[in-house]
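For reference, data30.tsv (TSV, C-alpha atoms):
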```
chain	number	residue	atom	x	y	z
A	178	MET	CA	0.00	0.00	0.00
A	179	ALA	CA	2.79	2.40	0.90
A	180	SER	CA	4.48	1.63	-2.45
A	181	LEU	CA	1.29	2.54	-4.31
A	182	ILE	CA	1.16	5.88	-2.54
A	183	SER	CA	4.82	6.49	-3.35
A	184	GLN	CA	4.20	5.80	-7.04
A	185	LEU	CA	1.43	8.38	-7.14
A	186	PHE	CA	3.33	11.08	-5.26
A	187	SER	CA	6.96	10.39	-6.03
A	188	SER	CA	7.91	13.81	-7.40
A	189	ARG	CA	8.70	16.39	-4.76
A	190	SER	CA	8.55	19.28	-7.21
A	191	SER	CA	5.04	18.51	-8.45
A	192	SER	CA	3.48	17.22	-5.26
A	193	SER	CA	4.61	19.54	-2.46
A	194	ILE	CA	2.68	22.64	-1.40
A	195	ARG	CA	4.91	25.10	0.46
A	196	VAL	CA	2.45	27.27	2.35
A	197	PRO	CA	3.57	30.09	4.66
A	198	ILE	CA	3.97	28.76	8.19
A	199	GLY	CA	1.53	30.35	10.61
A	200	LYS	CA	1.93	30.93	14.33
A	201	VAL	CA	1.75	27.80	16.47
A	202	TYR	CA	0.98	27.86	20.19
A	203	ASP	CA	2.21	25.49	22.89
A	204	VAL	CA	-0.77	25.09	25.17
A	205	GLU	CA	1.06	22.45	27.21
A	206	ASP	CA	3.52	25.07	28.50
A	207	ALA	CA	0.99	27.88	28.85
A	208	VAL	CA	1.92	30.73	31.21
A	209	GLU	CA	-0.67	33.48	30.76
A	210	LYS	CA	-4.09	33.09	32.35
A	211	PRO	CA	-6.20	32.69	29.18
A	212	ALA	CA	-3.84	30.04	27.80
A	213	ARG	CA	-3.71	28.19	31.12
A	214	SER	CA	-7.50	28.23	31.32
A	215	LEU	CA	-7.69	26.90	27.77
A	216	LYS	CA	-5.29	24.07	28.62
A	217	HIS	CA	-7.37	23.15	31.68
A	218	LEU	CA	-10.66	23.19	29.74
A	219	LEU	CA	-9.27	21.10	26.87
A	220	LYS	CA	-8.13	18.47	29.35
A	221	LEU	CA	-11.42	18.62	31.24
A	222	ASN	CA	-13.38	18.04	28.06
A	223	HIS	CA	-10.97	15.25	27.13
A	224	ALA	CA	-11.58	13.50	30.45
A	225	GLU	CA	-15.34	13.93	30.75
A	226	HIS	CA	-16.98	13.98	27.33
A	227	ALA	CA	-17.17	11.59	24.39
A	228	LEU	CA	-15.85	12.65	20.99
A	229	HIS	CA	-19.22	11.99	19.39
A	230	SER	CA	-22.61	10.54	20.21
A	231	ASN	CA	-22.36	6.95	21.41
A	232	THR	CA	-23.83	4.76	18.69
A	233	SER	CA	-23.10	1.68	16.60
A	234	ARG	CA	-25.85	2.41	14.07
A	235	SER	CA	-24.58	3.11	10.56
A	236	ASP	CA	-27.74	5.04	9.64
A	237	PHE	CA	-27.45	7.47	12.55
A	238	ILE	CA	-26.33	11.05	11.88
A	239	VAL	CA	-23.58	11.44	14.46
A	240	SER	CA	-23.35	14.58	16.57
A	241	TYR	CA	-19.85	15.69	17.52
A	242	ASN	CA	-18.19	17.29	20.51
A	243	ASN	CA	-17.00	20.62	19.10
A	244	VAL	CA	-16.36	22.45	22.37
A	245	ASP	CA	-12.59	22.43	21.76
A	246	HIS	CA	-13.08	24.11	18.38
A	247	LEU	CA	-15.19	26.85	19.94
A	248	LEU	CA	-12.77	27.42	22.83
A	249	ILE	CA	-9.66	27.59	20.64
A	250	SER	CA	-11.29	29.85	18.05
A	251	ALA	CA	-12.45	32.22	20.79
A	252	PHE	CA	-9.01	32.14	22.44
A	253	LEU	CA	-7.32	33.03	19.15
A	254	PHE	CA	-9.72	35.95	18.76
A	255	GLY	CA	-8.59	37.22	22.18
A	256	ALA	CA	-11.07	35.71	24.65
A	257	ASN	CA	-9.94	35.89	28.28
A	258	GLU	CA	-10.18	33.22	30.96
A	259	VAL	CA	-13.65	34.36	32.06
A	260	ASP	CA	-14.95	34.20	28.49
A	261	LEU	CA	-13.50	30.72	28.02
A	262	ASN	CA	-14.90	29.36	31.26
A	263	ASN	CA	-18.33	30.75	30.44
A	264	LEU	CA	-18.23	29.17	26.99
A	265	TYR	CA	-17.28	25.80	28.43
A	266	GLU	CA	-19.96	25.93	31.10
A	267	ASN	CA	-22.64	26.83	28.57
A	268	GLU	CA	-21.63	24.46	25.80
A	269	SER	CA	-20.54	21.34	27.69
A	270	SER	CA	-23.88	20.75	29.40
A	271	GLY	CA	-25.37	18.95	26.41
A	272	LEU	CA	-22.41	16.71	25.64
A	273	GLU	CA	-22.49	12.95	26.11
A	274	PRO	CA	-20.30	11.41	28.80
A	275	TRP	CA	-17.82	8.70	27.93
A	276	LYS	CA	-19.28	5.23	27.55
A	277	ASP	CA	-17.28	2.03	27.79
A	278	SER	CA	-16.57	0.38	24.44
A	279	PRO	CA	-17.69	-3.22	23.81
A	280	GLY	CA	-14.07	-4.30	24.15
A	281	GLU	CA	-10.46	-3.15	24.08
A	282	VAL	CA	-8.38	-2.12	21.08
A	283	VAL	CA	-4.94	-3.60	21.63
A	284	GLY	CA	-1.77	-4.70	19.91
A	285	LEU	CA	-1.43	-5.43	16.22
A	286	ASP	CA	-5.15	-6.06	15.79
A	287	TRP	CA	-6.12	-2.41	16.28
A	288	ASN	CA	-7.13	-2.01	12.63
A	289	ASP	CA	-9.78	-4.74	13.01
A	290	TYR	CA	-11.94	-2.11	14.71
A	291	LEU	CA	-11.55	0.67	12.15
A	292	GLY	CA	-14.83	2.40	11.37
A	293	LYS	CA	-16.60	1.20	14.51
A	294	LYS	CA	-17.81	4.32	16.26
A	295	GLU	CA	-18.82	2.45	19.40
A	296	TYR	CA	-15.08	1.83	19.96
A	297	GLN	CA	-14.21	5.53	20.30
A	298	ARG	CA	-13.21	5.20	23.97
A	299	ALA	CA	-11.16	2.07	23.28
A	300	PHE	CA	-9.36	3.76	20.39
A	301	LEU	CA	-8.54	6.78	22.51
A	302	ASP	CA	-7.15	4.51	25.24
A	303	PHE	CA	-5.14	2.64	22.61
A	304	PHE	CA	-3.54	5.78	21.18
A	305	GLU	CA	-2.80	7.12	24.65
A	306	ASP	CA	-1.05	3.84	25.47
A	307	GLN	CA	1.03	4.30	22.31
A	308	LEU	CA	1.81	7.84	23.45
A	309	ALA	CA	3.11	6.57	26.79
A	310	ASP	CA	5.19	3.92	25.02
A	311	GLU	CA	6.76	6.66	22.86
A	312	GLY	CA	7.73	8.75	25.87
A	313	TYR	CA	4.86	11.18	25.21
A	314	ASP	CA	6.30	12.13	21.82
A	315	TRP	CA	2.94	12.90	20.20
A	316	LYS	CA	4.53	13.84	16.87
A	317	SER	CA	6.01	10.35	16.58
A	318	VAL	CA	2.68	8.67	17.35
A	319	LEU	CA	0.84	10.93	14.93
A	320	HIS	CA	3.26	10.26	12.08
A	321	SER	CA	3.27	6.53	12.73
A	322	PHE	CA	-0.49	6.08	12.51
A	323	LEU	CA	-1.41	8.87	10.12
A	324	PHE	CA	1.18	8.33	7.40
A	325	THR	CA	2.62	4.80	7.67
A	326	GLY	CA	1.40	1.22	7.48
A	327	GLU	CA	-1.01	-0.56	5.16
A	328	GLU	CA	-4.00	1.45	6.38
A	329	PRO	CA	-2.72	4.96	7.15
A	330	LEU	CA	-5.36	6.98	8.94
A	331	VAL	CA	-4.79	9.95	6.64
A	332	SER	CA	-7.02	8.03	4.22
A	333	SER	CA	-10.06	8.62	6.42
A	334	ILE	CA	-9.27	12.07	7.73
A	335	THR	CA	-12.00	13.73	5.63
A	336	GLY	CA	-14.66	11.24	6.73
A	337	ASN	CA	-17.73	12.38	8.67
A	338	LEU	CA	-17.70	15.85	7.08
A	339	GLY	CA	-14.00	16.22	7.85
A	340	GLN	CA	-14.35	16.08	11.63
A	341	PRO	CA	-11.00	14.26	12.17
A	342	LEU	CA	-9.21	16.73	9.88
A	343	VAL	CA	-10.66	19.81	11.55
A	344	HIS	CA	-9.91	18.45	15.03
A	345	LEU	CA	-6.32	17.69	14.05
A	346	GLY	CA	-5.89	21.17	12.61
A	347	TYR	CA	-6.86	22.69	15.96
A	348	ALA	CA	-4.65	20.19	17.80
A	349	LEU	CA	-1.59	21.14	15.74
A	350	LYS	CA	-2.32	24.85	16.06
A	351	MET	CA	-2.21	24.52	19.86
A	352	SER	CA	0.36	21.67	20.08
A	353	SER	CA	-2.17	19.79	22.21
A	354	ARG	CA	-1.19	16.16	22.59
A	355	VAL	CA	-4.57	15.18	24.08
A	356	MET	CA	-6.33	16.61	21.03
A	357	VAL	CA	-3.91	14.86	18.68
A	358	MET	CA	-4.84	11.53	20.25
A	359	GLU	CA	-8.52	12.46	19.94
A	360	ALA	CA	-8.02	13.27	16.27
A	361	LEU	CA	-6.47	9.85	15.68
A	362	ALA	CA	-9.43	8.22	17.43
A	363	LEU	CA	-11.81	10.22	15.23
A	364	ALA	CA	-9.95	9.16	12.09
A	365	ALA	CA	-10.06	5.53	13.22
A	366	THR	CA	-13.80	5.57	13.90
A	367	SER	CA	-14.45	7.43	10.61
A	368	TYR	CA	-12.46	4.95	8.52
A	369	ASN	CA	-15.33	3.35	6.62
A	370	ASP	CA	-17.49	6.47	6.28
A	371	ASN	CA	-18.83	6.09	2.72
A	372	ASN	CA	-15.64	4.09	2.08
A	373	ILE	CA	-13.80	7.41	1.89
A	374	ASN	CA	-10.52	5.63	2.63
A	375	LYS	CA	-10.52	3.68	-0.63
A	376	TYR	CA	-10.07	6.77	-2.77
A	377	SER	CA	-6.74	7.56	-1.15
A	378	ASP	CA	-5.55	4.00	-0.62
A	379	ASP	CA	-6.04	3.12	-4.30
A	380	PRO	CA	-4.30	5.61	-6.66
A	381	SER	CA	-6.41	4.51	-9.64
A	382	TYR	CA	-9.40	6.56	-8.47
A	383	PHE	CA	-7.53	9.86	-8.81
A	384	LYS	CA	-5.75	8.70	-11.99
A	385	THR	CA	-8.90	8.10	-14.02
A	386	GLU	CA	-8.91	10.38	-17.07
A	387	PRO	CA	-11.72	12.95	-16.74
A	388	SER	CA	-13.94	14.21	-19.55
A	389	TYR	CA	-12.43	17.71	-19.19
A	390	LYS	CA	-9.54	19.48	-17.43
A	391	THR	CA	-9.20	22.88	-15.79
A	392	SER	CA	-7.11	24.56	-13.12
A	393	SER	CA	-10.17	26.48	-11.86
A	394	ILE	CA	-12.24	24.72	-9.21
A	395	LEU	CA	-14.82	27.49	-9.51
A	396	GLU	CA	-15.34	26.42	-13.11
A	397	ILE	CA	-15.75	22.82	-11.95
A	398	ILE	CA	-18.32	23.80	-9.34
A	399	GLU	CA	-20.24	25.70	-12.01
A	400	LYS	CA	-20.25	22.56	-14.16
A	401	VAL	CA	-21.44	20.47	-11.21
A	402	HIS	CA	-24.15	23.05	-10.55
A	403	ALA	CA	-25.39	22.53	-14.11
A	404	ASP	CA	-24.92	18.74	-14.23
A	405	LYS	CA	-28.37	17.17	-14.56
A	406	ILE	CA	-27.11	13.76	-13.45
A	407	PHE	CA	-27.38	15.00	-9.86
A	408	THR	CA	-30.99	16.13	-10.35
A	409	ASN	CA	-33.15	13.15	-9.44
A	410	ASN	CA	-35.67	11.87	-6.94
A	411	SER	CA	-32.99	10.46	-4.63
A	412	LEU	CA	-31.51	13.93	-4.07
A	413	MET	CA	-34.44	16.12	-3.13
A	414	ILE	CA	-33.77	17.43	0.38
A	415	PRO	CA	-30.36	18.97	1.23
A	416	GLY	CA	-28.33	17.33	3.97
A	417	GLU	CA	-25.62	14.96	5.10
A	418	HIS	CA	-27.94	12.00	4.53
A	419	ASN	CA	-27.39	12.42	0.76
A	420	LEU	CA	-23.69	11.53	0.93
A	421	GLU	CA	-24.28	7.78	0.94
A	422	THR	CA	-26.43	8.05	-2.20
A	423	ILE	CA	-23.85	10.24	-3.94
A	424	PHE	CA	-20.91	7.91	-3.30
A	425	ARG	CA	-22.98	4.82	-4.08
A	426	ASP	CA	-24.98	5.90	-7.13
A	427	HIS	CA	-22.99	8.79	-8.62
A	428	GLU	CA	-19.39	7.82	-7.95
A	429	ALA	CA	-18.34	7.98	-11.62
A	430	ALA	CA	-19.75	11.47	-12.16
A	431	LEU	CA	-18.32	12.67	-8.85
A	432	LEU	CA	-14.83	11.40	-9.72
A	433	ASP	CA	-15.05	12.83	-13.23
A	434	HIS	CA	-15.52	16.33	-11.83
A	435	CYS	CA	-13.00	15.73	-9.05
A	436	ASN	CA	-10.26	14.61	-11.42
A	437	ALA	CA	-10.91	17.56	-13.74
A	438	TRP	CA	-8.95	19.79	-11.34
A	439	ALA	CA	-5.40	20.13	-12.66
A	440	ILE	CA	-3.88	21.00	-9.30
A	441	SER	CA	-0.42	19.58	-10.05
A	442	THR	CA	0.33	22.28	-12.66
A	443	ASN	CA	0.89	24.78	-9.83
A	444	PRO	CA	-0.09	23.23	-6.49
A	445	LEU	CA	0.55	26.26	-4.29
A	446	MET	CA	-1.36	28.72	-6.47
A	447	HIS	CA	-4.27	26.35	-7.02
A	448	PHE	CA	-4.49	25.52	-3.31
A	449	ARG	CA	-4.60	29.23	-2.51
A	450	GLU	CA	-7.36	29.74	-5.07
A	451	SER	CA	-9.28	26.78	-3.66
A	452	GLN	CA	-9.39	28.48	-0.26
A	453	ALA	CA	-11.01	31.56	-1.77
A	454	VAL	CA	-13.59	29.34	-3.44
A	455	ALA	CA	-14.20	27.50	-0.16
A	456	ALA	CA	-15.09	30.86	1.40
A	457	ALA	CA	-17.45	31.63	-1.48
A	458	LEU	CA	-19.00	28.19	-1.27
A	459	PHE	CA	-20.47	29.17	2.06
A	460	VAL	CA	-20.60	32.96	2.26
A	461	GLY	CA	-21.41	33.42	-1.43
A	462	THR	CA	-24.39	31.06	-1.58
A	463	GLY	CA	-27.85	32.18	-0.56
A	464	GLU	CA	-29.01	35.69	0.26
A	465	SER	CA	-29.30	35.07	3.98
A	466	GLU	CA	-28.48	32.51	6.64
A	467	SER	CA	-32.00	31.12	6.36
A	468	LYS	CA	-31.17	30.08	2.80
A	469	ARG	CA	-27.69	28.77	3.57
A	470	ASP	CA	-26.96	25.31	4.91
A	471	LEU	CA	-24.24	25.27	7.54
A	472	ASN	CA	-22.82	22.04	6.10
A	473	LEU	CA	-21.39	24.25	3.34
A	474	LEU	CA	-19.09	25.72	6.00
A	475	ARG	CA	-17.29	22.38	6.33
A	476	PRO	CA	-15.13	22.76	3.17
A	477	LEU	CA	-13.84	26.08	4.51
A	478	VAL	CA	-12.88	24.83	7.97
A	479	MET	CA	-11.40	21.66	6.45
A	480	SER	CA	-9.31	23.76	4.07
A	481	HIS	CA	-8.11	25.88	6.97
A	482	ALA	CA	-7.10	22.71	8.83
A	483	ILE	CA	-5.05	21.59	5.81
A	484	LEU	CA	-3.35	25.00	5.75
A	485	VAL	CA	-2.29	24.44	9.37
A	486	MET	CA	-1.25	20.84	8.73
A	487	LEU	CA	0.76	21.09	5.50
A	488	PRO	CA	4.09	22.18	7.05
A	489	SER	CA	3.97	19.00	9.19
A	490	VAL	CA	2.85	16.64	6.42
A	491	PRO	CA	5.35	14.58	4.36
A	492	ASP	CA	5.65	15.96	0.82
A	493	LYS	CA	4.19	12.92	-0.89
A	494	PHE	CA	0.91	13.39	0.98
A	495	HIS	CA	0.37	17.08	0.14
A	496	ILE	CA	-1.63	16.76	-3.07
A	497	ARG	CA	-3.25	13.58	-1.84
A	498	LEU	CA	-4.61	15.43	1.19
A	499	VAL	CA	-5.93	18.31	-0.92
A	500	GLN	CA	-7.50	15.84	-3.36
A	501	GLN	CA	-9.30	14.18	-0.46
A	502	TRP	CA	-10.58	17.60	0.59
A	503	TRP	CA	-11.72	18.34	-2.95
A	504	LEU	CA	-13.57	15.04	-3.33
A	505	THR	CA	-15.32	15.56	0.01
A	506	THR	CA	-16.08	19.19	-0.83
A	507	LEU	CA	-17.75	18.24	-4.10
A	508	ALA	CA	-19.77	15.53	-2.35
A	509	ILE	CA	-20.93	18.01	0.30
A	510	TYR	CA	-21.82	20.58	-2.37
A	511	ILE	CA	-23.92	18.02	-4.23
A	512	ALA	CA	-25.49	16.83	-0.97
A	513	GLN	CA	-26.64	20.41	-0.33
A	514	LEU	CA	-28.29	20.35	-3.80
A	515	ARG	CA	-25.67	22.42	-5.61
A	516	PRO	CA	-26.62	26.03	-4.81
A	517	GLU	CA	-25.38	28.74	-7.15
A	518	ILE	CA	-22.22	30.51	-6.01
A	519	ASN	CA	-21.83	34.26	-6.37
A	520	GLN	CA	-18.23	35.17	-5.56
A	521	ASP	CA	-18.92	38.78	-6.59
A	522	SER	CA	-21.25	39.06	-3.60
A	523	ILE	CA	-18.09	38.91	-1.47
A	524	THR	CA	-15.73	41.05	-3.54
A	525	SER	CA	-18.32	43.83	-3.86
A	526	TYR	CA	-19.54	43.69	-0.25
A	527	ASN	CA	-19.50	47.02	1.59
A	528	ILE	CA	-17.89	46.47	4.97
A	529	GLN	CA	-18.62	50.07	6.01
A	530	GLY	CA	-15.30	50.57	7.75
A	531	LYS	CA	-15.44	47.38	9.80
A	532	ASP	CA	-12.16	45.60	10.49
A	533	TRP	CA	-10.89	42.39	12.06
A	534	ALA	CA	-11.13	43.94	15.53
A	535	TRP	CA	-14.86	44.35	14.94
A	536	VAL	CA	-15.08	40.75	13.75
A	537	ALA	CA	-13.22	39.56	16.87
A	538	LYS	CA	-15.68	41.45	19.06
A	539	GLN	CA	-18.58	39.67	17.35
A	540	ALA	CA	-16.86	36.31	17.78
A	541	ILE	CA	-16.25	36.78	21.51
A	542	HIS	CA	-19.13	38.93	22.74
A	543	GLY	CA	-21.62	39.09	19.88
A	544	PRO	CA	-25.09	37.49	19.98
A	545	HIS	CA	-23.78	34.32	18.30
A	546	ALA	CA	-20.58	33.93	20.32
A	547	THR	CA	-21.67	30.53	21.65
A	548	ASN	CA	-22.36	29.12	18.17
A	549	VAL	CA	-19.39	26.96	17.20
A	550	ARG	CA	-20.08	27.16	13.45
A	551	PHE	CA	-20.19	30.95	13.66
A	552	VAL	CA	-16.97	31.36	15.64
A	553	GLU	CA	-14.90	28.70	13.86
A	554	GLY	CA	-16.01	30.02	10.47
A	555	LEU	CA	-14.82	33.52	11.34
A	556	HIS	CA	-11.57	32.11	12.72
A	557	ALA	CA	-10.90	30.17	9.51
A	558	LEU	CA	-11.54	33.24	7.36
A	559	LYS	CA	-9.23	35.38	9.49
A	560	GLU	CA	-6.31	32.95	9.49
A	561	ILE	CA	-6.55	32.18	5.78
A	562	GLY	CA	-6.63	35.90	5.04
A	563	GLU	CA	-3.58	36.52	7.23
A	564	THR	CA	-1.68	33.67	5.58
A	565	TRP	CA	-2.11	35.02	2.05
A	566	LYS	CA	-1.68	38.73	2.92
A	567	ASP	CA	-5.23	39.60	1.91
A	568	SER	CA	-4.51	42.99	0.31
A	569	GLU	CA	-7.97	43.24	-1.25
A	570	ASP	CA	-9.74	42.36	2.01
A	571	TYR	CA	-11.53	39.43	0.39
A	572	TYR	CA	-11.59	37.38	3.58
A	573	LEU	CA	-12.47	40.39	5.73
A	574	LYS	CA	-15.39	41.11	3.41
A	575	ALA	CA	-16.45	37.46	3.65
A	576	ALA	CA	-16.26	37.59	7.45
A	577	VAL	CA	-18.26	40.82	7.75
A	578	LYS	CA	-20.86	39.49	5.31
A	579	PHE	CA	-21.03	36.28	7.33
A	580	VAL	CA	-21.62	38.22	10.56
A	581	ASP	CA	-24.17	40.55	9.02
A	582	GLU	CA	-26.24	37.73	7.54
A	583	PHE	CA	-25.91	35.08	10.23
A	584	ARG	CA	-29.16	33.91	11.77
A	585	ALA	CA	-28.81	31.19	14.42
```
Let's see the structure in the file written out as structure tokens.
Amino acid sequence: MASLISQLFSSRSSSSIRVPIGKVYDVEDAVEKPARSLKHLLKLNHAEHALHSNTSRSDFIVSYNNVDHLLISAFLFGANEVDLNNLYENESSGLEPWKDSPGEVVGLDWNDYLGKKEYQRAFLDFFEDQLADEGYDWKSVLHSFLFTGEEPLVSSITGNLGQPLVHLGYALKMSSRVMVMEALALAATSYNDNNINKYSDDPSYFKTEPSYKTSSILEIIEKVHADKIFTNNSLMIPGEHNLETIFRDHEAALLDHCNAWAISTNPLMHFRESQAVAAALFVGTGESESKRDLNLLRPLVMSHAILVMLPSVPDKFHIRLVQQWWLTTLAIYIAQLRPEINQDSITSYNIQGKDWAWVAKQAIHGPHATNVRFVEGLHALKEIGETWKDSEDYYLKAAVKFVDEFRA
């Protein structure tokens, strides 16, 4: 399996994406009060609450524990220890407590339990045992399970709407070893989500010759928007429940559009452009929040997580990771019934003198400050804009538009 991956991504020059390295925090050695409070709350959540709803049913839409995402986003916007404690108190009350797994995950047979969500506690215990064995070198454990072996967990990192990927992005941003182990557990329990792992494990899926080629993912999305093959009785109501139908019944059409993206011609430039489109995919669809499905925010926060991750990812996995994001993004877009995207609604938006300080105030103390989608969306827009030196204020305009139109 590793040799197949190497064959697909053997060229460093065509497969690496050298993004600017953003600021990374070390929450484990926190000194200031807000950072120390954040460390305490992350560990408290880790000890008391499950990563997702406790279920073994494959037809159940899983709800996730996103308190860490809310806390970290608020912290990075400047929330103090009082703000963070209030957020945790308000948002943790509805979370599920840990529940014992049906059995243990141990030794070389750990991959026998991949994809079994009811083993989330056992997987977390397993990865924490590995962490202890490695002298608490979380980077070593992460690399070992995410990028090596016959079933590397990077293959499932975009499963379940990218929850493992987003969680890992936050973990790396804060250098939080407890969150890194949680992210590995999420990737393990997401492994068979719509068989998402097979597309990365088998290079042939991304090698299939498409019916057209373009370096513009906006052009591809416009073609998907117009593609009548996705207009049928099985895709009538927008939502996550459509993903199974899309991967099962429309795999060929999905891959045709996915493989049309010629990212390898200039990986860095095309990745940067894809982040702008990810912002438009959410903020530029629908005239108001009531017409916009929050699942369309997932491609943006996933893309931000990749931006954080890339400096720590081996070169040969760079394009592979972005391709996984792109495949999942297209599937989500189709699942939400392919709304029309108007990128001009962002570029022409009148921010009326508002700046990032105003956005931060809305994220910490605004009426939607306890809404994780709201705060993490603003955080993703801010950090992506800072990374690419947003001289035209595209991401600021997107953030202000997002705030102005958000309806919880």
Coordinates-based distance that separates atom CA of Phe304 of chain A from atom CA of Thr325 of chain A (Å, one decimal):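 Atom-to-atom, atom CA of Thr325 of chain A to atom CA of Phe304 of chain A, that is 14.9 Å.
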Close residues, Asn443 of chain A itself excluded, 12 Å, all atoms listed in the file, min 5 positions apart in chain, as an NGL selection string: :A and (190-195 or 391-393 or 438 or 448-450 or 496)
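Of the listed residues (A:Thr506, A:Ser411, A:Ser333, A:Ser230), A:Ser333 comes nearest to Gly292 of chain A; the distances count only C-alpha atoms.
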d(atom CA of Glu399 of chain A, atom CA of Ile373 of chain A) in Å: 23.9 Å
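Of note, atom CA of Thr366 of chain A and atom CA of Tyr347 of chain A are spaced 18.6 Å apart.
Distances to Ser214 of chain A were evaluated for A:Asp302, A:Asp404, A:Asp314, A:Asp260 using all atoms listed in the file, and the minimum falls at A:Asp260.
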Could you add the missing atoms to segment 328-349 of chain A, up to N, CA and C atoms, and return them as a PDB file, keeping the file's coordinate frame?
```pdb
ATOM      1  N   GLU A 328      -2.751   0.689   6.300  1.00  0.00           N
ATOM      2  CA  GLU A 328      -4.000   1.450   6.380  1.00  0.00           C
ATOM      3  C   GLU A 328      -3.759   2.768   7.112  1.00  0.00           C
ATOM      4  N   PRO A 329      -3.013   3.686   6.486  1.00  0.00           N
ATOM      5  CA  PRO A 329      -2.720   4.960   7.150  1.00  0.00           C
ATOM      6  C   PRO A 329      -3.990   5.749   7.394  1.00  0.00           C
ATOM      7  N   LEU A 330      -4.117   6.309   8.575  1.00  0.00           N
ATOM      8  CA  LEU A 330      -5.360   6.980   8.940  1.00  0.00           C
ATOM      9  C   LEU A 330      -5.591   8.276   8.179  1.00  0.00           C
ATOM     10  N   VAL A 331      -4.569   8.774   7.478  1.00  0.00           N
ATOM     11  CA  VAL A 331      -4.790   9.950   6.640  1.00  0.00           C
ATOM     12  C   VAL A 331      -5.851   9.672   5.581  1.00  0.00           C
ATOM     13  N   SER A 332      -6.038   8.398   5.241  1.00  0.00           N
ATOM     14  CA  SER A 332      -7.020   8.030   4.220  1.00  0.00           C
ATOM     15  C   SER A 332      -8.446   8.318   4.640  1.00  0.00           C
ATOM     16  N   SER A 333      -8.692   8.402   5.941  1.00  0.00           N
ATOM     17  CA  SER A 333     -10.060   8.620   6.420  1.00  0.00           C
ATOM     18  C   SER A 333     -10.234   9.967   7.096  1.00  0.00           C
ATOM     19  N   ILE A 334      -9.269  10.834   6.940  1.00  0.00           N
ATOM     20  CA  ILE A 334      -9.270  12.070   7.730  1.00  0.00           C
ATOM     21  C   ILE A 334     -10.361  13.042   7.292  1.00  0.00           C
ATOM     22  N   THR A 335     -10.891  12.864   6.071  1.00  0.00           N
ATOM     23  CA  THR A 335     -12.000  13.730   5.630  1.00  0.00           C
ATOM     24  C   THR A 335     -13.350  13.056   5.812  1.00  0.00           C
ATOM     25  N   GLY A 336     -13.385  11.904   6.464  1.00  0.00           N
ATOM     26  CA  GLY A 336     -14.660  11.240   6.730  1.00  0.00           C
ATOM     27  C   GLY A 336     -15.499  12.029   7.719  1.00  0.00           C
ATOM     28  N   ASN A 337     -16.803  11.713   7.742  1.00  0.00           N
ATOM     29  CA  ASN A 337     -17.730  12.380   8.670  1.00  0.00           C
ATOM     30  C   ASN A 337     -17.618  13.904   8.593  1.00  0.00           C
ATOM     31  N   LEU A 338     -17.751  14.401   7.346  1.00  0.00           N
ATOM     32  CA  LEU A 338     -17.700  15.850   7.080  1.00  0.00           C
ATOM     33  C   LEU A 338     -16.386  16.480   7.537  1.00  0.00           C
ATOM     34  N   GLY A 339     -15.311  15.679   7.528  1.00  0.00           N
ATOM     35  CA  GLY A 339     -14.000  16.220   7.850  1.00  0.00           C
ATOM     36  C   GLY A 339     -13.736  16.452   9.321  1.00  0.00           C
ATOM     37  N   GLN A 340     -14.533  15.850  10.198  1.00  0.00           N
ATOM     38  CA  GLN A 340     -14.350  16.080  11.630  1.00  0.00           C
ATOM     39  C   GLN A 340     -12.938  15.711  12.116  1.00  0.00           C
ATOM     40  N   PRO A 341     -12.365  14.570  11.714  1.00  0.00           N
ATOM     41  CA  PRO A 341     -11.000  14.260  12.170  1.00  0.00           C
ATOM     42  C   PRO A 341      -9.983  15.290  11.693  1.00  0.00           C
ATOM     43  N   LEU A 342     -10.131  15.742  10.445  1.00  0.00           N
ATOM     44  CA  LEU A 342      -9.210  16.730   9.880  1.00  0.00           C
ATOM     45  C   LEU A 342      -9.287  18.052  10.625  1.00  0.00           C
ATOM     46  N   VAL A 343     -10.487  18.539  10.856  1.00  0.00           N
ATOM     47  CA  VAL A 343     -10.660  19.810  11.550  1.00  0.00           C
ATOM     48  C   VAL A 343     -10.115  19.728  12.973  1.00  0.00           C
ATOM     49  N   HIS A 344     -10.387  18.622  13.649  1.00  0.00           N
ATOM     50  CA  HIS A 344      -9.910  18.450  15.030  1.00  0.00           C
ATOM     51  C   HIS A 344      -8.379  18.422  15.064  1.00  0.00           C
ATOM     52  N   LEU A 345      -7.779  17.751  14.091  1.00  0.00           N
ATOM     53  CA  LEU A 345      -6.320  17.690  14.050  1.00  0.00           C
ATOM     54  C   LEU A 345      -5.719  19.054  13.751  1.00  0.00           C
ATOM     55  N   GLY A 346      -6.378  19.821  12.888  1.00  0.00           N
ATOM     56  CA  GLY A 346      -5.890  21.170  12.610  1.00  0.00           C
ATOM     57  C   GLY A 346      -5.822  22.013  13.874  1.00  0.00           C
ATOM     58  N   TYR A 347      -6.868  21.959  14.683  1.00  0.00           N
ATOM     59  CA  TYR A 347      -6.860  22.690  15.960  1.00  0.00           C
ATOM     60  C   TYR A 347      -5.793  22.130  16.898  1.00  0.00           C
ATOM     61  N   ALA A 348      -5.647  20.817  16.918  1.00  0.00           N
ATOM     62  CA  ALA A 348      -4.650  20.190  17.800  1.00  0.00           C
ATOM     63  C   ALA A 348      -3.246  20.660  17.458  1.00  0.00           C
ATOM     64  N   LEU A 349      -2.925  20.707  16.162  1.00  0.00           N
ATOM     65  CA  LEU A 349      -1.590  21.140  15.740  1.00  0.00           C
ATOM     66  C   LEU A 349      -1.389  22.625  15.992  1.00  0.00           C
TER      67      LEU A 349
END
```
